[in-house]
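Data block below; observations after.
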Amino acid sequence: MTRVDPIGFVPAQESRLGGGDIVISLTPAQSKALGAEAGTMADWFHSALYAMALLRSGRGIDGQPYFAGPNDWYTAINDLDNRLIRRLEGIRDAAIRAQARSGGTVQDLALAMDVSRSTAQYRRETLLNAMPSTWEQWAEDGGPDDKGRIEDPYKPGTPVGDDDQFVIGQKVRITGVSGLLADRTDLIGKTGRVASEASDGQITVRGLSGKDRETYADFLGFEPTELESAERN
């Protein structure tokens with residue numbers, strides 16, 4: 001797992017236009033999954049930044065005062081309203097649905113959305129009770145046909161972790177705690193079942209309290225070496 005920051009900023013003196021380049025790096029797998037759409041999305045993001053700069057400065061690309069007319073705003077409005085916004089909403093809805101499918105709590109969602117728990121619950125229930133929109137389906141299914149994606153990333157038996165050491169549904173024992181929970185020594189020795197794997201390689205373990213619905217330590221970030229199989233114990 002690379003620790004390289006995928007977002008970079010090239011300083012003005014080294015950038016192509018002299019004002020700074022924003023660089024978004026993708027892994028080969030990410031690039032394959034997005035295909036040519038990565039470039040078009042980046043183009044629409046550029047329209048957003050261009051419009052912001054023009055609104056704030058009133059200057060054109062040459063830095064001189066520029067009084068934009070109706071035609072100057074066509075591309076920005078078209079790229080943002082007709083293209084980018086609906087796709088961002090589709091990605092957001094797909095992410096919320098995936099968060100629920102992976103066992104994420106409403107409280108986690110509320111924190112991520114920066115809203116009250118009741119608001120997050122209402123929004124999630126409204127989304128889950130409806131069929132995926134066209135743009136939500138696009139977020140998951142758009143792009144190249146061969147994305148190498150497994151059919152259900154949360155299906156029991158699906159390998160997770162480095163070297164596929166564990167699988168979804170496997171019973172594991174906590175042997176070490178990392179990250180923000182490093183002081184939770186009371187968790188060591190607890191057993192639970194692997195629920196999912198995050199994009200950064202961390203593994204979600206549920207059932208540590210022995211209850212059907214987890215009451216504490218709902219999401220724990222563990223390195224696979226800090227878990228051991230408990231199936232035979």
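By convention here, the chains of the structure tokens are called A, B, ... in the order presented, each chain's residues are numbered starting at 1, and ligands are numbered starting at 1 in the order presented.
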- Message: I need the helix (DSSP H, G or I) residues of segment 118-177 of chain A per DSSP on the backbone, written as a VMD selection string.
- Response: chain A and resid 118 to 128 134 to 141 162 to 164
- Kindly give the distance, in Å, that separates atom CA of Ala36 of chain A and atom CA of Ala48 of chain A, rounded to a single decimal. 19.4 Å
- With a distance cut-off of 9 Å and only C-alpha atoms, select the neighbouring residues of segment 119-122 of chain A, excluding the residue or stretch itself and same-chain residues fewer than 4 positions from it, and output the selection as a ChimeraX atom specification. /A:106-107,109-111,113-115,126-127
Could you name the residues that touch Lys171 of chain A at 10 Å or less, counting only C-alpha atoms, but leaving out those on the same chain fewer than 6 positions away, as a CSV table (one decimal) with C-alpha atoms, in the first residue's frame?
chain,number,residue,atom,x,y,z
A,191,THR,CA,-13.0,-11.9,19.3
A,192,GLY,CA,-15.2,-10.8,16.4
A,193,ARG,CA,-15.8,-11.4,12.7
A,194,VAL,CA,-14.3,-9.6,9.8
A,195,ALA,CA,-16.9,-7.4,8.2
A,205,VAL,CA,-14.2,-6.2,12.9
A,206,ARG,CA,-17.7,-6.5,14.3
A,207,GLY,CA,-19.2,-8.4,17.2
A,227,LEU,CA,-5.3,-10.2,14.1
A,228,GLU,CA,-5.2,-14.0,14.4
A,229,SER,CA,-7.7,-16.6,13.3
A,230,ALA,CA,-10.0,-17.7,16.1
A,231,GLU,CA,-12.0,-20.3,14.2
A,232,ARG,CA,-10.5,-23.3,15.9
A,233,ASN,CA,-10.6,-21.8,19.4
Quick one: everything within 12 Å of Leu88 of chain A, counting only C-alpha atoms, minus sequence neighbours fewer than 3 positions away in the same chain. Send it as a CSV table (one decimal) with N, CA, C and O atoms, in the first residue's frame.
chain,number,residue,atom,x,y,z
A,41,MET,N,-13.8,14.3,-16.1
A,41,MET,CA,-14.1,14.9,-14.7
A,41,MET,C,-13.1,16.0,-14.3
A,41,MET,O,-13.5,17.0,-13.8
A,44,TRP,N,-14.0,19.2,-16.0
A,44,TRP,CA,-15.2,19.9,-15.4
A,44,TRP,C,-14.8,20.5,-14.1
A,44,TRP,O,-15.3,21.6,-13.7
A,45,PHE,N,-13.9,19.9,-13.3
A,45,PHE,CA,-13.4,20.5,-12.1
A,45,PHE,C,-12.6,21.8,-12.5
A,45,PHE,O,-12.6,22.8,-11.7
A,80,LEU,N,-20.8,22.6,-15.0
A,80,LEU,CA,-21.1,22.4,-13.5
A,80,LEU,C,-22.5,21.8,-13.4
A,80,LEU,O,-22.7,20.8,-12.7
A,81,ASP,N,-23.5,22.5,-13.9
A,81,ASP,CA,-24.9,22.1,-13.7
A,81,ASP,C,-25.3,20.8,-14.5
A,81,ASP,O,-26.0,20.0,-14.0
A,82,ASN,N,-24.9,20.8,-15.7
A,82,ASN,CA,-25.3,19.7,-16.6
A,82,ASN,C,-24.5,18.5,-16.5
A,82,ASN,O,-24.9,17.4,-16.9
A,83,ARG,N,-23.2,18.6,-16.1
A,83,ARG,CA,-22.3,17.5,-16.1
A,83,ARG,C,-21.8,17.1,-14.8
A,83,ARG,O,-21.9,16.0,-14.3
A,84,LEU,N,-21.1,18.1,-14.1
A,84,LEU,CA,-20.4,17.7,-12.9
A,84,LEU,C,-21.3,17.4,-11.7
A,84,LEU,O,-21.2,16.4,-11.0
A,85,ILE,N,-22.2,18.3,-11.4
A,85,ILE,CA,-23.0,18.2,-10.2
A,85,ILE,C,-23.8,16.9,-10.1
A,85,ILE,O,-23.8,16.2,-9.1
A,91,ILE,N,-22.1,9.8,-7.2
A,91,ILE,CA,-21.0,9.3,-6.5
A,91,ILE,C,-21.4,9.3,-5.0
A,91,ILE,O,-21.1,8.3,-4.3
A,92,ARG,N,-21.9,10.4,-4.5
A,92,ARG,CA,-22.2,10.5,-3.1
A,92,ARG,C,-23.3,9.5,-2.7
A,92,ARG,O,-23.1,8.8,-1.7
A,93,ASP,N,-24.3,9.4,-3.5
A,93,ASP,CA,-25.4,8.4,-3.2
A,93,ASP,C,-24.9,7.0,-3.2
A,93,ASP,O,-25.2,6.2,-2.3
A,94,ALA,N,-24.0,6.7,-4.2
A,94,ALA,CA,-23.4,5.3,-4.2
A,94,ALA,C,-22.6,5.1,-3.0
A,94,ALA,O,-22.5,4.0,-2.5
A,95,ALA,N,-21.8,6.1,-2.6
A,95,ALA,CA,-21.0,5.9,-1.4
A,95,ALA,C,-21.8,5.7,-0.1
A,95,ALA,O,-21.4,4.9,0.7
A,135,TRP,N,-27.5,8.3,-12.3
A,135,TRP,CA,-26.1,8.7,-12.0
A,135,TRP,C,-25.5,7.9,-10.9
A,135,TRP,O,-24.2,7.8,-10.8
A,136,GLU,N,-26.3,7.4,-10.0
A,136,GLU,CA,-25.7,6.5,-9.0
A,136,GLU,C,-25.2,5.2,-9.7
A,136,GLU,O,-24.2,4.6,-9.3
A,138,TRP,N,-24.3,5.0,-12.7
A,138,TRP,CA,-23.1,5.4,-13.5
A,138,TRP,C,-21.9,5.4,-12.6
A,138,TRP,O,-20.8,5.0,-13.1
A,139,ALA,N,-22.0,5.9,-11.4
A,139,ALA,CA,-20.9,5.9,-10.5
A,139,ALA,C,-20.3,4.5,-10.3
A,139,ALA,O,-19.0,4.4,-10.2
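The two atoms in question, atom CA of Pro28 of chain A and atom CA of Thr204 of chain A, are spaced 25.4 Å apart.
Ranking A:Leu34, A:Ile77, A:Ser196, A:Leu55 by their shortest atom-to-atom distance to Glu140 of chain A, with only C-alpha atoms included, puts A:Leu34 first.
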- Selection near Pro11 of chain A, 8 Å with only C-alpha atoms, sequence-local residues under 6 positions removed, as a PyMOL selection string: chain A and resi 19-21
Please, could you write that set of residues out with C-alpha atoms as a short mmCIF file (atom, residue, chain, number, x, y, z; two decimals), in the first residue's frame?
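Once written, out.cif looks like this:
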data_model
loop_
_atom_site.label_atom_id
_atom_site.label_comp_id
_atom_site.auth_asym_id
_atom_site.auth_seq_id
_atom_site.Cartn_x
_atom_site.Cartn_y
_atom_site.Cartn_z
CA GLY A 19 0.24 29.96 -11.34
CA GLY A 20 0.55 26.44 -9.96
CA ASP A 21 -0.51 23.00 -11.19
#
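Counting only C-alpha atoms, the residue from A:Thr175, A:Ser47, A:Ser102, A:Gln202 that sits nearest to Trp73 of chain A is A:Ser47.
Excluding Ile188 of chain A and any residue on its chain fewer than 2 positions from it, the residues at most 7 Å away by only C-alpha atoms are Ile174, Thr175, Gly176, Thr185, Asp186 and Lys190 of chain A.
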Take the selection from the previous step and output its residues with C-alpha atoms, as a short mmCIF file (atom, residue, chain, number, x, y, z; two decimals), in the first residue's frame.
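Output saved as out.cif:
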data_model
loop_
_atom_site.label_atom_id
_atom_site.label_comp_id
_atom_site.auth_asym_id
_atom_site.auth_seq_id
_atom_site.Cartn_x
_atom_site.Cartn_y
_atom_site.Cartn_z
CA ILE A 174 -7.50 -9.05 18.39
CA THR A 175 -3.80 -9.31 19.28
CA GLY A 176 -2.86 -5.65 18.84
CA THR A 185 -5.61 -2.49 25.71
CA ASP A 186 -8.92 -3.90 26.93
CA LYS A 190 -11.54 -9.89 22.13
#
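Across the model, the gap from atom CA of Val10 of chain A to atom CA of Leu26 of chain A is 16.5 Å.
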